[in-house]
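What's in query-v2.tsv: TSV, C-alpha atoms
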```
chain	number	residue	atom	x	y	z
I	1	MET	CA	9.86	-32.28	-14.70
I	2	ASN	CA	8.44	-31.08	-11.40
I	3	ILE	CA	8.95	-33.73	-8.74
I	4	THR	CA	6.95	-33.26	-5.55
I	5	VAL	CA	8.72	-34.89	-2.63
I	6	TYR	CA	7.02	-35.50	0.71
I	7	CYS	CA	9.34	-36.22	3.62
I	8	ALA	CA	10.02	-35.77	7.30
I	9	SER	CA	10.82	-32.58	9.18
I	10	HIS	CA	13.28	-34.70	11.20
I	11	VAL	CA	16.29	-36.69	10.06
I	12	GLY	CA	15.99	-39.57	12.54
I	13	PRO	CA	18.88	-41.26	14.34
I	14	ASP	CA	20.00	-43.28	11.30
I	15	ASP	CA	21.89	-41.25	8.70
I	16	LYS	CA	20.74	-43.55	5.90
I	17	TYR	CA	17.55	-41.51	5.49
I	18	ALA	CA	19.44	-38.22	5.25
I	19	ARG	CA	21.87	-39.76	2.77
I	20	ALA	CA	18.98	-40.97	0.64
I	21	ALA	CA	17.37	-37.53	0.69
I	22	ARG	CA	20.66	-35.93	-0.38
I	23	ASP	CA	21.18	-38.50	-3.12
I	24	LEU	CA	17.68	-37.89	-4.48
I	25	GLY	CA	18.18	-34.12	-4.36
I	26	HIS	CA	21.48	-34.44	-6.20
I	27	TRP	CA	19.82	-36.52	-8.90
I	28	ILE	CA	16.93	-34.07	-9.28
I	29	GLY	CA	19.26	-31.09	-9.61
I	30	SER	CA	21.90	-32.67	-11.81
I	31	ASN	CA	19.27	-33.99	-14.24
I	32	GLY	CA	17.59	-30.63	-14.75
I	33	HIS	CA	14.43	-31.38	-12.79
I	34	THR	CA	12.64	-29.16	-10.27
I	35	LEU	CA	11.96	-30.12	-6.66
I	36	VAL	CA	8.61	-29.17	-5.15
I	37	TYR	CA	8.51	-29.65	-1.39
I	38	GLY	CA	7.22	-28.26	1.90
I	39	GLY	CA	9.53	-25.26	2.04
I	40	SER	CA	11.43	-25.73	5.32
I	41	ALA	CA	15.15	-26.18	5.91
I	42	VAL	CA	14.68	-28.78	8.66
I	43	GLY	CA	14.90	-32.57	8.62
I	44	LEU	CA	14.85	-34.55	5.41
I	45	MET	CA	13.11	-31.56	3.81
I	46	GLY	CA	16.25	-29.51	4.25
I	47	GLU	CA	18.50	-32.34	3.12
I	48	VAL	CA	16.73	-32.89	-0.20
I	49	SER	CA	16.27	-29.19	-0.96
I	50	ARG	CA	19.86	-28.18	-0.21
I	51	ALA	CA	21.20	-31.08	-2.28
I	52	THR	CA	18.99	-30.13	-5.22
I	53	LEU	CA	20.16	-26.52	-5.12
I	54	ALA	CA	23.80	-27.55	-4.73
I	55	ALA	CA	23.47	-29.68	-7.88
I	56	GLY	CA	22.16	-26.71	-9.86
I	57	GLY	CA	18.47	-27.57	-9.70
I	58	GLN	CA	15.41	-25.44	-9.10
I	59	VAL	CA	13.54	-25.73	-5.80
I	60	ILE	CA	9.98	-24.56	-5.18
I	61	GLY	CA	8.84	-24.51	-1.57
I	62	VAL	CA	5.29	-24.25	-0.22
I	63	GLU	CA	5.15	-23.07	3.38
I	64	PRO	CA	2.27	-22.04	5.64
I	65	GLN	CA	2.55	-18.53	7.07
I	66	PHE	CA	2.17	-19.79	10.63
I	67	PHE	CA	5.35	-21.85	10.26
I	68	LEU	CA	7.17	-18.73	9.11
I	69	ASN	CA	5.73	-16.79	12.03
I	70	ALA	CA	6.90	-19.51	14.42
I	71	GLY	CA	10.44	-19.30	13.06
I	72	VAL	CA	10.69	-22.71	11.37
I	73	ALA	CA	14.12	-22.70	9.72
I	74	GLN	CA	14.22	-21.52	6.11
I	75	HIS	CA	16.85	-21.18	3.41
I	76	GLU	CA	17.07	-19.50	0.02
I	77	LEU	CA	14.93	-21.21	-2.59
I	78	THR	CA	14.25	-20.60	-6.24
I	79	GLU	CA	10.65	-19.83	-5.36
I	80	LEU	CA	8.57	-19.88	-2.17
I	81	HIS	CA	4.77	-19.97	-2.08
I	82	VAL	CA	3.33	-18.82	1.24
I	83	VAL	CA	-0.13	-20.18	2.08
I	84	ASP	CA	-2.48	-19.90	5.04
I	85	THR	CA	-3.32	-23.52	5.84
I	86	MET	CA	-1.95	-27.04	5.59
I	87	ALA	CA	-4.77	-27.91	3.22
I	88	GLU	CA	-3.72	-25.09	0.91
I	89	ARG	CA	-0.14	-26.30	1.13
I	90	ARG	CA	-1.12	-29.81	0.02
I	91	THR	CA	-3.26	-28.43	-2.80
I	92	LYS	CA	-0.48	-26.18	-4.08
I	93	MET	CA	2.09	-28.97	-3.99
I	94	ILE	CA	-0.25	-31.14	-6.05
I	95	GLU	CA	-0.89	-28.30	-8.48
I	96	LEU	CA	2.84	-27.72	-8.97
I	97	GLY	CA	3.88	-31.38	-9.18
I	98	GLN	CA	3.90	-33.80	-12.09
I	99	VAL	CA	5.08	-36.89	-10.24
I	100	PHE	CA	4.99	-37.61	-6.51
I	101	VAL	CA	7.46	-39.26	-4.14
I	102	ALA	CA	7.30	-40.13	-0.44
I	103	LEU	CA	10.58	-40.50	1.39
I	104	PRO	CA	10.45	-42.07	4.84
I	105	GLY	CA	8.53	-39.82	7.20
I	106	GLY	CA	5.83	-39.56	9.82
I	107	VAL	CA	2.09	-38.93	9.83
I	108	GLY	CA	2.41	-35.68	7.86
I	109	THR	CA	4.19	-37.47	5.03
I	110	LEU	CA	1.59	-40.22	5.18
I	111	GLU	CA	-1.26	-37.72	5.00
I	112	GLU	CA	0.23	-36.08	1.91
I	113	ILE	CA	1.06	-39.20	-0.07
I	114	THR	CA	-2.24	-40.95	0.71
I	115	GLU	CA	-4.05	-38.00	-0.85
I	116	ILE	CA	-2.04	-38.69	-4.01
I	117	MET	CA	-2.96	-42.37	-3.79
I	118	SER	CA	-6.63	-41.46	-3.61
I	119	ARG	CA	-6.29	-39.08	-6.57
I	120	ILE	CA	-4.59	-41.78	-8.62
I	121	ARG	CA	-7.37	-44.21	-7.80
I	122	LEU	CA	-9.95	-41.59	-8.87
I	123	ASN	CA	-8.10	-40.79	-12.11
I	124	LEU	CA	-7.33	-37.24	-10.98
I	125	THR	CA	-3.54	-37.57	-10.88
I	126	ALA	CA	-1.21	-39.53	-13.10
I	127	ALA	CA	0.09	-42.83	-11.78
I	128	PRO	CA	2.39	-43.96	-10.39
I	129	CYS	CA	3.46	-42.42	-7.12
I	130	PHE	CA	6.63	-43.65	-5.46
I	131	PHE	CA	7.43	-44.69	-1.88
I	132	LEU	CA	11.14	-44.98	-1.11
I	133	SER	CA	11.03	-48.11	1.04
I	134	LEU	CA	14.56	-48.14	2.43
I	135	ASP	CA	15.12	-51.38	4.35
I	136	GLY	CA	11.41	-52.15	4.03
I	137	PHE	CA	10.24	-48.90	5.64
I	138	TYR	CA	6.97	-48.94	3.69
I	139	GLN	CA	6.35	-52.70	3.84
I	140	PRO	CA	3.43	-52.11	6.25
I	141	MET	CA	1.80	-49.96	3.55
I	142	ILE	CA	2.22	-52.75	1.00
I	143	ASP	CA	0.65	-55.18	3.47
I	144	LEU	CA	-2.22	-52.80	4.15
I	145	LEU	CA	-2.95	-52.38	0.44
I	146	ASP	CA	-2.97	-56.17	0.06
I	147	SER	CA	-5.42	-56.42	2.96
I	148	MET	CA	-7.64	-53.75	1.42
I	149	GLU	CA	-7.65	-55.59	-1.89
I	150	ALA	CA	-8.41	-58.94	-0.21
I	151	ALA	CA	-11.34	-57.36	1.64
I	152	GLY	CA	-12.77	-55.98	-1.60
I	153	PHE	CA	-12.07	-52.31	-0.91
I	154	LEU	CA	-9.64	-51.80	-3.82
I	155	PRO	CA	-11.50	-53.01	-6.91
I	156	GLY	CA	-9.32	-53.12	-9.99
I	157	TYR	CA	-6.19	-52.42	-7.96
I	158	GLU	CA	-3.12	-52.30	-10.18
I	159	ARG	CA	0.23	-52.69	-8.45
I	160	THR	CA	1.73	-50.30	-10.99
I	161	GLU	CA	-0.26	-47.45	-9.41
I	162	PHE	CA	1.90	-47.29	-6.27
I	163	LEU	CA	5.55	-48.30	-6.53
I	164	PHE	CA	7.91	-49.14	-3.67
I	165	PRO	CA	11.54	-48.90	-4.80
I	166	GLN	CA	13.98	-49.95	-2.10
I	167	THR	CA	16.95	-47.79	-3.14
I	168	VAL	CA	17.45	-44.29	-4.50
I	169	GLU	CA	18.89	-45.83	-7.65
I	170	GLU	CA	15.74	-47.86	-8.20
I	171	LEU	CA	13.61	-44.79	-7.47
I	172	THR	CA	15.44	-42.56	-9.93
I	173	ARG	CA	15.21	-45.22	-12.63
I	174	GLY	CA	11.46	-45.20	-12.15
I	175	LEU	CA	11.33	-41.42	-12.24
I	176	SER	CA	13.41	-41.43	-15.44
I	177	GLU	CA	10.81	-43.64	-17.09
I	178	PHE	CA	7.92	-41.36	-16.15
I	179	ASP	CA	6.84	-39.04	-18.98
I	180	PRO	CA	4.41	-36.38	-17.74
I	181	GLN	CA	3.63	-35.40	-21.32
I	182	THR	CA	2.08	-38.77	-22.10
I	183	ALA	CA	0.49	-39.46	-18.72
I	184	ARG	CA	-3.26	-39.94	-19.05
I	185	TYR	CA	-5.34	-38.52	-16.26
I	186	SER	CA	-8.18	-36.08	-15.79
I	187	CYS	CA	-8.94	-33.37	-13.29
I	188	GLU	CA	-12.00	-32.24	-11.37
I	189	ALA	CA	-13.02	-29.86	-14.16
I	190	ASP	CA	-12.88	-32.55	-16.85
I	191	TRP	CA	-13.20	-35.81	-14.97
I	192	HIS	CA	-13.70	-39.24	-16.46
I	193	GLU	CA	-14.19	-42.25	-14.28
I	194	PRO	CA	-11.49	-44.89	-13.89
I	195	ASP	CA	-12.10	-48.33	-15.34
I	196	TRP	CA	-12.79	-49.91	-11.95
I	197	MET	CA	-15.68	-47.50	-11.36
I	198	GLU	CA	-17.53	-48.25	-14.60
I	199	GLY	CA	-21.12	-49.30	-13.96
I	200	GLN	CA	-21.20	-47.70	-10.51
I	201	ILE	CA	-22.35	-44.29	-11.77
I	202	GLY	CA	-25.66	-43.44	-13.36
```
Output the file's structure in the form of structure tokens.
Amino acid sequence: MNITVYCASHVGPDDKYARAARDLGHWIGSNGHTLVYGGSAVGLMGEVSRATLAAGGQVIGVEPQFFLNAGVAQHELTELHVVDTMAERRTKMIELGQVFVALPGGVGTLEEITEIMSRIRLNLTAAPCFFLSLDGFYQPMIDLLDSMEAAGFLPGYERTEFLFPQTVEELTRGLSEFDPQTARYSCEADWHEPDWMEGQIG
């Protein structure tokens, strides 16, 4: 299974985030899965990719050329896709992935995973996506979703669409239960509307 992981290009002052990234990478590699990620060797990105490779897993990176030109640290990967723009990077990571995970990160991580959330809502990508909410890191996102639902902006919101495991163990259990072969979703070329949108078209 191809697991796309979005995460920070920094490790932060608390080693718990780096440990979690390494633990996830070890699980991905030792269970025969493939990591898809942003391609760099820095921050949590480097932690999860190195741990996956060390455990015998495959790692596919997607890196913009301008980062390579700027000398952003790299390391040997199974495969590296070089793209021109950040938008192309996001698109390629979606194309390569079957399930999507956000580790703790900053606005770049948030930009990437919220695109997945939108695609899940529109029935373009299989649910669920996962947020690793170590020590409640993503609690503000949970609160924001609740506020959106209360205001009527998330019709038909199912809490199984976006999951917030609090430990790597809980996250990997959820990933183990995900079967990309039976996931039901469409794509832009063969789209069918989600249930919550019925009656709003035509």
Could you give me, as a PDB file with C-alpha atoms, in the coordinates of the input, the residues within 8 Å of I:Ile60, counting only C-alpha atoms and dropping anything in the same chain fewer than 3 positions from it?
```pdb
ATOM      1  CA  THR I  34      12.640 -29.160 -10.270  1.00  0.00           C
ATOM      2  CA  LEU I  35      11.960 -30.120  -6.660  1.00  0.00           C
ATOM      3  CA  VAL I  36       8.610 -29.170  -5.150  1.00  0.00           C
ATOM      4  CA  TYR I  37       8.510 -29.650  -1.390  1.00  0.00           C
ATOM      5  CA  GLY I  39       9.530 -25.260   2.040  1.00  0.00           C
ATOM      6  CA  LEU I  77      14.930 -21.210  -2.590  1.00  0.00           C
ATOM      7  CA  THR I  78      14.250 -20.600  -6.240  1.00  0.00           C
ATOM      8  CA  GLU I  79      10.650 -19.830  -5.360  1.00  0.00           C
ATOM      9  CA  LEU I  80       8.570 -19.880  -2.170  1.00  0.00           C
ATOM     10  CA  HIS I  81       4.770 -19.970  -2.080  1.00  0.00           C
TER      11      HIS I  81
END
```
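Each of I:Val11, I:Ile120, I:Leu144, I:Val83 was compared to I:Val42 using all atoms listed in the file, and I:Val11 turns out to be the nearest.
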Got a sec: who's within 8 Å of I:Ala41, counting all atoms listed in the file, leaving out chain neighbours fewer than 4 positions off, as a short mmCIF file (atom, residue, chain, number, x, y, z; two decimals) with C-alpha atoms, in the frame of the given file?
```
data_model
loop_
_atom_site.label_atom_id
_atom_site.label_comp_id
_atom_site.auth_asym_id
_atom_site.auth_seq_id
_atom_site.Cartn_x
_atom_site.Cartn_y
_atom_site.Cartn_z
CA MET I 45 13.11 -31.56 3.81
CA GLY I 46 16.25 -29.51 4.25
CA GLU I 47 18.50 -32.34 3.12
CA SER I 49 16.27 -29.19 -0.96
CA ARG I 50 19.86 -28.18 -0.21
CA VAL I 72 10.69 -22.71 11.37
CA ALA I 73 14.12 -22.70 9.72
CA GLN I 74 14.22 -21.52 6.11
CA HIS I 75 16.85 -21.18 3.41
#
```
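Proximity to I:Ile113 was assessed for I:Phe178, I:Tyr17, I:Phe153, I:Phe162 counting all atoms listed in the file; the smallest distance is recorded for I:Phe162.
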Discussion item. Taking (3.5, -38.1, -17.4) in the coordinates of the supplied file, I want to know which residues reach to within 12 Å of it, counting all atoms listed in the file; could you give the answer as JSON, numbers by chain?
Written reply: {"I": [1, 2, 3, 97, 98, 99, 100, 125, 126, 127, 128, 129, 174, 175, 176, 177, 178, 179, 180, 181, 182, 183, 184, 185, 186]}
